[in-house]
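Colleague: Structure supplied as query.cif; contents: mmCIF, C-alpha atoms (C1' of nucleotides).
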```
data_coords
#
loop_
_atom_site.label_atom_id
_atom_site.label_comp_id
_atom_site.auth_asym_id
_atom_site.auth_seq_id
_atom_site.Cartn_x
_atom_site.Cartn_y
_atom_site.Cartn_z
CA MET A 1 -62.02 -42.50 -16.33
CA ALA A 2 -59.73 -45.44 -15.79
CA GLN A 3 -59.31 -45.02 -12.08
CA LYS A 4 -60.58 -42.31 -9.80
CA ASN A 5 -57.87 -39.78 -10.32
CA LEU A 6 -57.22 -38.02 -7.04
CA LEU A 7 -53.72 -36.86 -7.84
CA PRO A 8 -54.77 -33.47 -9.32
CA LEU A 9 -56.72 -32.77 -6.13
CA ILE A 10 -53.72 -33.66 -3.99
CA LEU A 11 -51.46 -31.42 -6.02
CA LEU A 12 -53.93 -28.54 -5.80
CA GLY A 13 -54.17 -29.09 -2.08
CA LEU A 14 -50.43 -29.09 -1.63
CA LEU A 15 -50.20 -25.86 -3.63
CA ARG A 16 -52.88 -23.96 -1.74
CA ASP A 17 -50.54 -22.39 0.79
CA THR A 18 -47.33 -21.90 -1.13
CA LYS A 19 -46.05 -22.26 -4.63
CA LYS A 20 -43.85 -25.27 -5.16
CA THR A 21 -41.76 -27.03 -7.77
CA GLY A 22 -42.52 -30.52 -9.08
CA TYR A 23 -39.56 -31.75 -7.11
CA GLU A 24 -40.88 -30.30 -3.90
CA LEU A 25 -44.24 -31.90 -4.54
CA LYS A 26 -42.48 -35.19 -5.09
CA LYS A 27 -40.71 -34.71 -1.75
CA ASP A 28 -44.07 -34.21 -0.05
CA PHE A 29 -44.97 -37.71 -1.11
CA GLU A 30 -41.92 -39.07 0.63
CA THR A 31 -42.63 -37.37 3.92
CA GLU A 32 -45.81 -35.47 4.68
CA ILE A 33 -48.57 -37.08 2.71
CA GLY A 34 -46.53 -40.14 1.83
CA GLU A 35 -48.07 -41.94 4.77
CA PHE A 36 -51.43 -41.78 3.06
CA TRP A 37 -50.80 -41.69 -0.64
CA SER A 38 -48.15 -42.87 -3.07
CA VAL A 39 -47.26 -41.74 -6.56
CA GLN A 40 -44.30 -41.70 -8.94
CA HIS A 41 -42.65 -38.46 -9.94
CA SER A 42 -43.36 -39.16 -13.60
CA GLN A 43 -47.05 -39.00 -12.84
CA ILE A 44 -46.64 -35.74 -10.94
CA TYR A 45 -45.02 -33.96 -13.86
CA LEU A 46 -47.69 -35.24 -16.24
CA GLU A 47 -50.43 -34.05 -13.96
CA LEU A 48 -48.82 -30.65 -13.47
CA LYS A 49 -48.81 -30.24 -17.23
CA ARG A 50 -52.47 -31.16 -17.43
CA LEU A 51 -53.44 -28.85 -14.59
CA THR A 52 -51.61 -26.03 -16.34
CA GLU A 53 -53.57 -26.69 -19.53
CA LEU A 54 -56.77 -26.57 -17.50
CA LYS A 55 -55.58 -23.25 -16.04
CA GLU A 56 -56.00 -24.59 -12.54
CA ILE A 57 -52.38 -23.85 -11.80
CA SER A 58 -49.89 -21.41 -13.32
CA SER A 59 -46.13 -21.55 -13.41
CA THR A 60 -43.16 -19.26 -13.11
CA LYS A 61 -39.51 -20.03 -13.72
CA GLY A 62 -36.87 -19.99 -11.04
CA PHE A 63 -33.27 -21.09 -10.79
CA PHE A 64 -31.31 -23.62 -8.81
CA GLY A 65 -27.73 -22.41 -8.84
CA SER A 66 -27.12 -20.61 -12.11
CA LYS A 67 -27.89 -23.22 -14.73
CA ILE A 68 -30.73 -25.50 -13.73
CA GLU A 69 -34.14 -24.05 -14.28
CA LYS A 70 -36.90 -24.99 -11.98
CA THR A 71 -40.57 -24.32 -12.34
CA TYR A 72 -42.74 -23.05 -9.54
CA TYR A 73 -46.40 -23.92 -9.69
CA GLU A 74 -49.09 -21.81 -8.14
CA ILE A 75 -52.77 -22.49 -7.73
CA THR A 76 -55.23 -20.27 -9.65
CA PRO A 77 -58.76 -19.27 -8.56
CA LEU A 78 -60.05 -21.95 -10.94
CA GLY A 79 -57.91 -24.53 -9.20
CA GLU A 80 -59.05 -23.35 -5.81
CA GLU A 81 -62.63 -23.69 -6.91
CA ARG A 82 -62.09 -27.28 -8.01
CA PHE A 83 -60.30 -28.16 -4.83
CA GLU A 84 -62.93 -26.65 -2.56
CA LYS A 85 -65.71 -28.37 -4.45
CA TRP A 86 -64.01 -31.69 -3.83
CA GLU A 87 -63.20 -30.86 -0.23
CA LYS A 88 -66.79 -30.41 0.72
CA SER A 89 -68.22 -33.23 -1.41
CA PHE A 90 -69.64 -36.35 0.19
CA GLN A 91 -69.01 -39.93 -0.76
CA ASN A 92 -71.91 -42.25 -1.31
CA GLU A 93 -69.97 -45.47 -1.18
CA LEU A 94 -66.76 -46.94 0.13
CA ALA A 95 -64.03 -48.35 -2.04
CA VAL A 96 -62.95 -51.93 -1.47
CA ASN A 97 -59.85 -52.11 0.68
CA LYS A 98 -57.36 -54.18 -1.29
CA ASP A 99 -54.85 -55.98 0.89
CA GLU A 100 -52.74 -58.77 -0.59
CA PHE A 101 -52.28 -60.56 2.71
CA VAL A 102 -55.99 -60.60 3.43
CA LEU A 103 -56.60 -61.92 -0.05
CA LYS A 104 -54.11 -64.69 0.47
CA LEU A 105 -55.70 -65.74 3.74
CA TYR A 106 -59.03 -66.07 2.01
CA PHE A 107 -57.71 -69.10 0.19
CA ILE A 108 -56.31 -70.87 3.21
CA LYS A 109 -58.98 -73.30 4.22
CA ASP A 110 -57.59 -75.44 6.99
CA LYS A 111 -56.98 -74.04 10.43
CA LYS A 112 -54.10 -76.48 10.78
CA ASP A 113 -52.41 -75.38 7.56
CA GLY A 114 -48.73 -75.04 8.39
CA ARG A 115 -48.25 -71.95 6.26
CA LEU A 116 -50.70 -69.95 8.35
CA GLN A 117 -48.31 -69.40 11.21
CA GLN A 118 -45.40 -68.22 9.09
CA LEU A 119 -47.52 -65.95 6.94
CA ILE A 120 -49.06 -64.30 9.94
CA LYS A 121 -45.68 -63.85 11.60
CA ASN A 122 -44.29 -62.20 8.47
CA GLN A 123 -47.22 -59.82 8.31
CA TYR A 124 -47.05 -59.13 12.02
CA ASP A 125 -43.46 -57.95 11.73
CA LEU A 126 -44.31 -55.62 8.87
CA HIS A 127 -47.21 -54.04 10.71
CA LEU A 128 -45.30 -53.72 13.95
CA GLU A 129 -42.62 -51.85 12.08
CA LYS A 130 -45.20 -49.60 10.48
CA LEU A 131 -46.80 -48.93 13.84
CA ALA A 132 -43.47 -47.90 15.33
CA HIS A 133 -42.85 -45.65 12.37
CA LEU A 134 -46.25 -43.99 12.72
CA ASN A 135 -45.77 -43.35 16.41
CA LEU A 136 -42.49 -41.68 15.62
CA ARG A 137 -44.11 -39.58 12.90
CA MET A 138 -46.78 -38.45 15.32
CA LYS A 139 -44.15 -37.14 17.72
CA GLU A 140 -42.07 -35.53 14.99
CA VAL A 141 -44.87 -33.85 13.10
CA PHE A 142 -46.64 -32.33 16.07
CA SER A 143 -43.54 -31.12 17.77
CA LYS A 144 -43.09 -28.82 14.78
CA ILE A 145 -46.63 -27.81 13.96
CA ASP A 146 -49.71 -27.15 16.02
CA LYS A 147 -52.30 -29.86 16.40
CA GLU A 148 -55.28 -27.51 16.42
CA GLN A 149 -54.04 -25.78 13.30
CA ASN A 150 -53.40 -29.04 11.43
CA TYR A 151 -56.26 -31.00 12.79
CA GLY A 152 -57.03 -33.16 9.78
CA HIS A 153 -53.45 -34.35 9.68
CA TYR A 154 -53.60 -35.10 13.37
CA LEU A 155 -56.82 -37.04 13.01
CA ILE A 156 -55.58 -39.26 10.22
CA LEU A 157 -52.24 -39.98 11.85
CA ASN A 158 -54.17 -40.91 14.93
CA HIS A 159 -56.39 -43.16 12.83
CA ALA A 160 -53.44 -44.78 11.07
CA ILE A 161 -51.93 -45.65 14.42
CA LYS A 162 -55.14 -47.14 15.72
CA ARG A 163 -55.55 -49.08 12.53
CA GLU A 164 -52.10 -50.60 12.90
CA GLU A 165 -52.76 -51.36 16.54
CA GLU A 166 -55.89 -53.22 15.54
CA TYR A 167 -54.05 -54.99 12.74
CA THR A 168 -51.22 -56.23 14.94
CA LYS A 169 -53.65 -57.23 17.66
CA TRP A 170 -55.70 -59.21 15.17
CA LEU A 171 -52.60 -60.99 13.94
CA SER A 172 -51.30 -61.89 17.38
CA ASP A 173 -54.75 -63.04 18.49
CA SER A 174 -54.96 -65.16 15.36
CA LEU A 175 -51.58 -66.69 16.06
CA GLU A 176 -52.75 -67.66 19.52
CA ASN A 177 -55.99 -69.12 18.25
CA ILE A 178 -54.51 -71.36 15.58
CA ASN A 179 -52.36 -73.01 18.23
CA LYS A 180 -55.32 -73.92 20.40
CA MET B 1 -45.78 -54.40 -14.68
CA ALA B 2 -48.18 -51.49 -14.42
CA GLN B 3 -49.82 -52.55 -11.21
CA LYS B 4 -49.33 -55.65 -9.14
CA ASN B 5 -51.68 -57.96 -10.92
CA LEU B 6 -53.32 -60.24 -8.38
CA LEU B 7 -56.36 -61.12 -10.44
CA PRO B 8 -54.83 -64.23 -12.08
CA LEU B 9 -53.98 -65.55 -8.62
CA ILE B 10 -57.52 -64.95 -7.42
CA LEU B 11 -58.97 -66.71 -10.43
CA LEU B 12 -56.64 -69.66 -9.94
CA GLY B 13 -57.60 -69.77 -6.30
CA LEU B 14 -61.30 -69.74 -7.07
CA LEU B 15 -60.82 -72.54 -9.58
CA ARG B 16 -58.83 -74.84 -7.31
CA ASP B 17 -61.81 -76.74 -5.98
CA THR B 18 -64.26 -76.76 -8.87
CA LYS B 19 -64.36 -75.75 -12.48
CA LYS B 20 -66.35 -72.62 -13.14
CA THR B 21 -67.53 -70.36 -15.94
CA GLY B 22 -66.48 -66.73 -16.28
CA TYR B 23 -69.92 -65.74 -15.17
CA GLU B 24 -69.67 -67.79 -12.02
CA LEU B 25 -66.31 -66.23 -11.24
CA LYS B 26 -67.87 -62.84 -11.75
CA LYS B 27 -70.60 -63.84 -9.28
CA ASP B 28 -67.95 -64.74 -6.72
CA PHE B 29 -66.83 -61.14 -6.80
CA GLU B 30 -70.34 -60.01 -5.91
CA THR B 31 -70.63 -62.29 -2.91
CA GLU B 32 -67.82 -64.42 -1.53
CA ILE B 33 -64.62 -62.57 -2.21
CA GLY B 34 -66.36 -59.34 -3.14
CA GLU B 35 -65.87 -58.15 0.41
CA PHE B 36 -62.13 -58.13 -0.13
CA TRP B 37 -61.55 -57.53 -3.80
CA SER B 38 -63.33 -55.86 -6.70
CA VAL B 39 -63.01 -56.32 -10.43
CA GLN B 40 -65.05 -55.82 -13.61
CA HIS B 41 -66.24 -58.76 -15.64
CA SER B 42 -64.41 -57.44 -18.70
CA GLN B 43 -61.17 -57.86 -16.82
CA ILE B 44 -62.08 -61.39 -15.78
CA TYR B 45 -62.65 -62.57 -19.33
CA LEU B 46 -59.38 -60.99 -20.46
CA GLU B 47 -57.49 -62.66 -17.68
CA LEU B 48 -59.10 -66.04 -18.36
CA LYS B 49 -57.91 -65.78 -21.93
CA ARG B 50 -54.40 -64.96 -20.79
CA LEU B 51 -54.33 -67.79 -18.24
CA THR B 52 -55.46 -70.18 -20.96
CA GLU B 53 -52.60 -69.05 -23.20
CA LEU B 54 -50.22 -69.65 -20.32
CA LYS B 55 -51.73 -73.13 -19.93
CA GLU B 56 -52.46 -72.43 -16.28
CA ILE B 57 -56.13 -73.16 -16.87
CA SER B 58 -57.94 -75.20 -19.51
CA SER B 59 -61.49 -74.90 -20.75
CA THR B 60 -64.36 -77.11 -21.83
CA LYS B 61 -67.62 -76.11 -23.42
CA GLY B 62 -70.99 -76.52 -21.77
CA PHE B 63 -74.50 -75.36 -22.52
CA PHE B 64 -77.00 -73.10 -20.88
CA GLY B 65 -80.38 -74.15 -22.29
CA SER B 66 -79.86 -75.32 -25.84
CA LYS B 67 -78.33 -72.33 -27.56
CA ILE B 68 -76.01 -70.38 -25.28
CA GLU B 69 -72.61 -71.86 -24.95
CA LYS B 70 -70.76 -71.43 -21.75
CA THR B 71 -67.15 -72.17 -21.04
CA TYR B 72 -65.96 -73.99 -17.98
CA TYR B 73 -62.47 -73.24 -16.79
CA GLU B 74 -60.36 -75.68 -14.87
CA ILE B 75 -57.00 -75.24 -13.19
CA THR B 76 -54.01 -77.17 -14.58
CA PRO B 77 -50.98 -78.47 -12.64
CA LEU B 78 -49.06 -75.47 -13.99
CA GLY B 79 -51.72 -73.16 -12.57
CA GLU B 80 -51.67 -74.95 -9.26
CA GLU B 81 -47.94 -74.54 -9.10
CA ARG B 82 -48.17 -70.81 -9.67
CA PHE B 83 -50.89 -70.42 -7.09
CA GLU B 84 -49.08 -72.39 -4.44
CA LYS B 85 -45.91 -70.47 -5.02
CA TRP B 86 -47.78 -67.24 -4.38
CA GLU B 87 -49.66 -68.67 -1.43
CA LYS B 88 -46.53 -69.39 0.51
CA SER B 89 -44.59 -66.28 -0.52
CA PHE B 90 -43.81 -63.52 1.96
CA GLN B 91 -44.19 -59.80 1.50
CA ASN B 92 -41.35 -57.50 2.31
CA GLU B 93 -43.31 -54.29 2.38
CA LEU B 94 -46.80 -52.98 2.84
CA ALA B 95 -48.76 -51.14 0.19
CA VAL B 96 -50.06 -47.68 1.01
CA ASN B 97 -53.67 -47.77 2.05
CA LYS B 98 -55.47 -45.30 -0.21
CA ASP B 99 -58.58 -43.86 1.35
CA GLU B 100 -60.21 -40.82 -0.22
CA PHE B 101 -61.73 -39.62 3.02
CA VAL B 102 -58.45 -39.81 4.89
CA LEU B 103 -56.83 -37.91 2.07
CA LYS B 104 -59.45 -35.21 2.25
CA LEU B 105 -59.00 -34.80 5.98
CA TYR B 106 -55.30 -34.25 5.48
CA PHE B 107 -56.08 -30.91 3.89
CA ILE B 108 -58.41 -29.65 6.57
CA LYS B 109 -56.28 -27.51 8.79
CA ASP B 110 -58.51 -25.84 11.30
CA LYS B 111 -60.13 -27.81 14.08
CA LYS B 112 -63.06 -25.41 13.92
CA ASP B 113 -63.60 -25.86 10.19
CA GLY B 114 -67.33 -26.25 9.75
CA ARG B 115 -67.04 -28.92 7.06
CA LEU B 116 -65.30 -31.30 9.43
CA GLN B 117 -68.45 -32.29 11.26
CA GLN B 118 -70.51 -33.01 8.15
CA LEU B 119 -67.76 -34.90 6.42
CA ILE B 120 -67.19 -37.10 9.43
CA LYS B 121 -70.89 -37.72 9.84
CA ASN B 122 -71.19 -38.78 6.20
CA GLN B 123 -68.29 -41.16 6.56
CA TYR B 124 -69.60 -42.50 9.85
CA ASP B 125 -72.89 -43.50 8.24
CA LEU B 126 -71.11 -45.31 5.44
CA HIS B 127 -68.90 -47.27 7.79
CA LEU B 128 -71.72 -48.09 10.16
CA GLU B 129 -73.61 -49.54 7.24
CA LYS B 130 -70.61 -51.53 6.18
CA LEU B 131 -70.12 -52.83 9.69
CA ALA B 132 -73.72 -54.01 9.87
CA HIS B 133 -73.31 -55.68 6.50
CA LEU B 134 -70.16 -57.48 7.62
CA ASN B 135 -71.75 -58.74 10.80
CA LEU B 136 -74.57 -60.14 8.73
CA ARG B 137 -72.12 -61.78 6.35
CA MET B 138 -70.32 -63.39 9.25
CA LYS B 139 -73.53 -65.03 10.41
CA GLU B 140 -74.62 -66.07 6.95
CA VAL B 141 -71.32 -67.47 5.76
CA PHE B 142 -70.52 -69.54 8.82
CA SER B 143 -73.99 -70.94 9.23
CA LYS B 144 -73.41 -72.66 5.89
CA ILE B 145 -69.77 -73.61 6.07
CA ASP B 146 -67.47 -74.72 8.85
CA LYS B 147 -65.20 -72.20 10.49
CA GLU B 148 -62.32 -74.61 11.05
CA GLN B 149 -62.46 -75.72 7.42
CA ASN B 150 -62.56 -72.16 6.06
CA TYR B 151 -60.32 -70.56 8.58
CA GLY B 152 -58.71 -67.93 6.38
CA HIS B 153 -62.09 -66.63 5.36
CA TYR B 154 -63.14 -66.56 8.99
CA LEU B 155 -60.02 -64.67 10.01
CA ILE B 156 -60.38 -61.96 7.41
CA LEU B 157 -64.08 -61.44 7.98
CA ASN B 158 -63.22 -61.12 11.63
CA HIS B 159 -60.54 -58.61 10.76
CA ALA B 160 -62.84 -56.62 8.47
CA ILE B 161 -65.36 -56.32 11.29
CA LYS B 162 -62.74 -55.14 13.76
CA ARG B 163 -61.41 -52.70 11.22
CA GLU B 164 -64.85 -51.17 10.78
CA GLU B 165 -65.36 -51.08 14.51
CA GLU B 166 -62.13 -49.16 14.87
CA TYR B 167 -63.06 -46.88 11.98
CA THR B 168 -66.46 -45.97 13.37
CA LYS B 169 -65.06 -45.51 16.85
CA TRP B 170 -62.38 -43.19 15.52
CA LEU B 171 -65.00 -41.15 13.70
CA SER B 172 -67.33 -40.82 16.66
CA ASP B 173 -64.44 -39.97 18.97
CA SER B 174 -63.32 -37.35 16.48
CA LEU B 175 -66.80 -35.88 16.35
CA GLU B 176 -66.80 -35.55 20.11
CA ASN B 177 -63.37 -33.98 20.18
CA ILE B 178 -64.01 -31.28 17.62
CA ASN B 179 -66.94 -30.05 19.70
CA LYS B 180 -64.85 -29.63 22.78
"C1'" DC C 1 -13.45 -36.86 -6.45
"C1'" DA C 2 -17.30 -39.48 -5.79
"C1'" DT C 3 -21.74 -39.90 -4.17
"C1'" DT C 4 -26.05 -38.03 -3.05
"C1'" DA C 5 -29.44 -34.63 -3.77
"C1'" DC C 6 -31.61 -31.41 -6.89
"C1'" DA C 7 -34.38 -30.97 -10.99
"C1'" DT C 8 -37.41 -32.37 -15.00
"C1'" DG C 9 -39.00 -34.85 -18.20
"C1'" DT C 10 -40.35 -39.01 -22.06
"C1'" DA C 11 -41.52 -43.84 -23.39
"C1'" DA C 12 -43.40 -48.32 -23.01
"C1'" DG C 13 -46.59 -51.28 -21.43
"C1'" DG C 14 -49.83 -53.26 -18.35
"C1'" DA C 15 -53.92 -52.55 -15.14
"C1'" DG C 16 -58.46 -50.97 -14.34
"C1'" DT C 17 -62.91 -48.69 -15.45
"C1'" DT C 18 -66.76 -47.53 -18.35
"C1'" DA C 19 -69.28 -48.13 -22.24
"C1'" DC C 20 -70.70 -50.74 -26.10
"C1'" DA C 21 -72.54 -55.02 -27.95
"C1'" DT C 22 -75.38 -59.18 -28.43
"C1'" DG C 23 -78.58 -62.70 -27.47
"C1'" DA C 24 -80.94 -66.71 -24.81
"C1'" DT C 25 -83.50 -68.06 -20.72
"C1'" DT C 26 -86.31 -67.77 -16.68
"C1'" DA C 27 -89.52 -65.75 -13.37
"C1'" DG C 28 -93.44 -63.05 -12.24
"C1'" DC D 1 -94.96 -60.20 -22.14
"C1'" DT D 2 -91.63 -57.83 -19.75
"C1'" DA D 3 -87.94 -57.57 -16.78
"C1'" DA D 4 -84.19 -59.67 -14.65
"C1'" DT D 5 -80.72 -63.01 -15.04
"C1'" DC D 6 -77.52 -65.80 -17.55
"C1'" DA D 7 -73.60 -65.57 -20.56
"C1'" DT D 8 -69.48 -63.66 -23.08
"C1'" DG D 9 -67.00 -60.68 -25.11
"C1'" DT D 10 -64.62 -55.97 -27.53
"C1'" DA D 11 -63.26 -51.02 -27.52
"C1'" DA D 12 -61.74 -46.75 -25.73
"C1'" DC D 13 -59.57 -44.40 -22.47
"C1'" DT D 14 -56.68 -43.29 -18.73
"C1'" DC D 15 -54.18 -44.42 -14.71
"C1'" DC D 16 -50.00 -46.26 -12.82
"C1'" DT D 17 -45.48 -48.29 -12.69
"C1'" DT D 18 -40.89 -49.08 -14.45
"C1'" DA D 19 -37.32 -47.78 -17.04
"C1'" DC D 20 -34.85 -44.55 -19.75
"C1'" DA D 21 -32.70 -40.04 -20.09
"C1'" DT D 22 -29.99 -35.89 -18.84
"C1'" DG D 23 -27.37 -32.66 -16.30
"C1'" DT D 24 -26.12 -29.39 -12.23
"C1'" DA D 25 -25.02 -28.57 -7.36
"C1'" DA D 26 -23.77 -29.69 -2.77
"C1'" DT D 27 -21.57 -32.72 0.62
"C1'" DG D 28 -18.03 -35.48 2.74
#
```
Translate the structure described by the file into structure tokens.
Modeller:
Amino acid sequence: MAQKNLLPLILLGLLRDTKKTGYELKKDFETEIGEFWSVQHSQIYLELKRLTELKEISSTKGFFGSKIEKTYYEITPLGEERFEKWEKSFQNELAVNKDEFVLKLYFIKDKKDGRLQQLIKNQYDLHLEKLAHLNLRMKEVFSKIDKEQNYGHYLILNHAIKREEEYTKWLSDSLENINK
Amino acid sequence: MAQKNLLPLILLGLLRDTKKTGYELKKDFETEIGEFWSVQHSQIYLELKRLTELKEISSTKGFFGSKIEKTYYEITPLGEERFEKWEKSFQNELAVNKDEFVLKLYFIKDKKDGRLQQLIKNQYDLHLEKLAHLNLRMKEVFSKIDKEQNYGHYLILNHAIKREEEYTKWLSDSLENINK
DNA sequence: CATTACATGTAAGGAGTTACATGATTAG
DNA sequence: CTAATCATGTAACTCCTTACATGTAATG
């Protein structure tokens, strides 16, 4: 295994409730789950093919207009089994959190380094923007669906917001401290 | 580019002060920078070869005992240039933070789902352990070296600790809430 | 009528992990 | 004398991104 491949699990999870096309799955990564995972559509279609070979999903043909065929994918009992096994499995260690900005800071030795201020400001703006975006998402998402019935989603959006709050606070505190 | 390759920059950064062998660089990933980045030694040796071809590092032979040769790598002006260019560059967007646990939660719909409690507990233990480890690192690292002279490192260790504090707080709050 | 959205793929190439491979040196 | 550490690589595999490729349908 090159990298821990979680994409098949995500696809199975997204297909548990309703059958979907590859395009619809791709759309989910731009809205719904896109906050927490990213992937290219090329990878989705490859993985759908593989899952079909494994008989963890099955497909039926549909039409968009009269000419374009589209393929609906549906989860099979085998796929459900795999997904549920993953869903209840425990981790025994945490992955390293790779963050380019954090990495870059590691190499800045001197507190008085002039670049520090600008780099932090740049990062601060990015995270402030993300925080605003997440707050908006929180309102949007849970005006449409029920919190109690989508509790995991609620929890992680809540976490993402708190994480960004901590991140921006850390950055602004750091800005203050380097000027002391 | 398949993935944003930051390893060459890390290697250049680690070689700025002193020349090192591949093995010593590998060791750095187990201690120093290992908190913030992970990599396999096979990848290190490949990247050292590539950096040598690019003339961003140069190498000299040394000996371990009388038989085993070891190779010391040293940064060149070209390598320094590349590193400094990266060091002062700004990001214009944030990478998605991929966290398997967060992903898993996304798919848990019902607040009363029995797995929720166990999964959170498992994750809580892992993060509590990590937090304890980071606090220890903070003490260890800055008893040896000066904070003001290794400010970036101080900042990110500080951030990592706060991140874990937020993470564990989120998890324990969530545990409380699902039992309400 | 032009742009955006819908829809599905293949190809190329680099990144990352795991396993394989070898051998000297030091510490207990 | 045995295990851990020092030391450096290659090979296989697969993940992931970017680019290429094609064509219909809806919207303004």
Colleague: Taking only C-alpha atoms into account, which of B:Ser42, B:Thr168, B:Asn179, B:Gln123 comes nearest chain A?
Modeller: B:Gln123
Colleague: For a quick check of understanding, using all atoms listed in the file, which of B:Gly79, B:Ser89, B:Lys26, B:Leu12 has the smallest distance to Gln118 of chain A?
Modeller: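 Using all atoms listed in the file, the shortest distance to Gln118 of chain A belongs to B:Ser89.
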Colleague: Check which residues of chain B sit at most 8 Å from chain D using all atoms listed in the file, and return one row each with the closest pair of atoms and their distance in Å to one decimal, ordered by chain and rising number, as CSV.
Modeller:
```
residue,atom,partner,partner_atom,distance
B:Met1,CA,D:DT17,C1',6.4
B:Ala2,CA,D:DT17,C1',4.5
B:Gln3,CA,D:DT17,C1',6.3
B:Tyr23,CA,D:DA7,C1',6.5
B:Ser42,CA,D:DG9,C1',7.6
B:Tyr45,CA,D:DG9,C1',7.5
B:Ile68,CA,D:DA7,C1',7.2
B:Glu69,CA,D:DA7,C1',7.7
B:Lys70,CA,D:DA7,C1',6.6
```
Colleague: Limited to C-alpha atoms, could you put the picked residues into a file as a PDB file, in the coordinates of the input?
Modeller:
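Output saved as selection.pdb:
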```
ATOM      1  CA  MET B   1     -45.780 -54.400 -14.680  1.00  0.00           C
ATOM      2  CA  ALA B   2     -48.180 -51.490 -14.420  1.00  0.00           C
ATOM      3  CA  GLN B   3     -49.820 -52.550 -11.210  1.00  0.00           C
ATOM      4  CA  TYR B  23     -69.920 -65.740 -15.170  1.00  0.00           C
ATOM      5  CA  SER B  42     -64.410 -57.440 -18.700  1.00  0.00           C
ATOM      6  CA  TYR B  45     -62.650 -62.570 -19.330  1.00  0.00           C
ATOM      7  CA  ILE B  68     -76.010 -70.380 -25.280  1.00  0.00           C
ATOM      8  CA  GLU B  69     -72.610 -71.860 -24.950  1.00  0.00           C
ATOM      9  CA  LYS B  70     -70.760 -71.430 -21.750  1.00  0.00           C
TER      10      LYS B  70
END
```
Colleague: Work out how far apart atom CA of Lys88 of chain A and atom CA of Leu128 of chain B are and give it in Å to one decimal.
Modeller: 20.6 Å
Colleague: To verify the selection step, state as a PyMOL selection string which residues the PyMOL selection byres ((chain B) within 12 of (chain C)) yields on this input.
Modeller: chain B and resi 1-7+38-44+46-47+63-70
Colleague: Given the choices B:Val96, B:Leu131, B:Leu48, B:Leu78, which gets closest to chain A if the distance is worked out from all atoms listed in the file?
Modeller: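 Nearest candidate to chain A out of B:Val96, B:Leu131, B:Leu48, B:Leu78: B:Val96.
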Colleague: Tell me the residues of chain A close to chain B, meaning within 6 Å using only C-alpha atoms, as number ranges by chain.
Modeller: A: 37, 98, 105-106, 108-111, 148-153
Colleague: Might you pull out every residue within 7 Å of Ser58 of chain B, with all atoms listed in the file counted and same-chain residues fewer than 6 positions away left off, and present them as number ranges by chain?
Modeller: B: 52, 73-76
Colleague: If I take atom CA of Leu25 of chain B and atom CA of His133 of chain B, how far is one from the other in Å, to one decimal?
Modeller: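 Computed distance, atom CA of Leu25 of chain B to atom CA of His133 of chain B, equals 21.8 Å.
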Colleague: In Å, how far is it from atom CA of Leu11 of chain A to atom CA of Glu84 of chain A?
Modeller: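 About the pair atom CA of Leu11 of chain A and atom CA of Glu84 of chain A: they are 12.9 Å apart.
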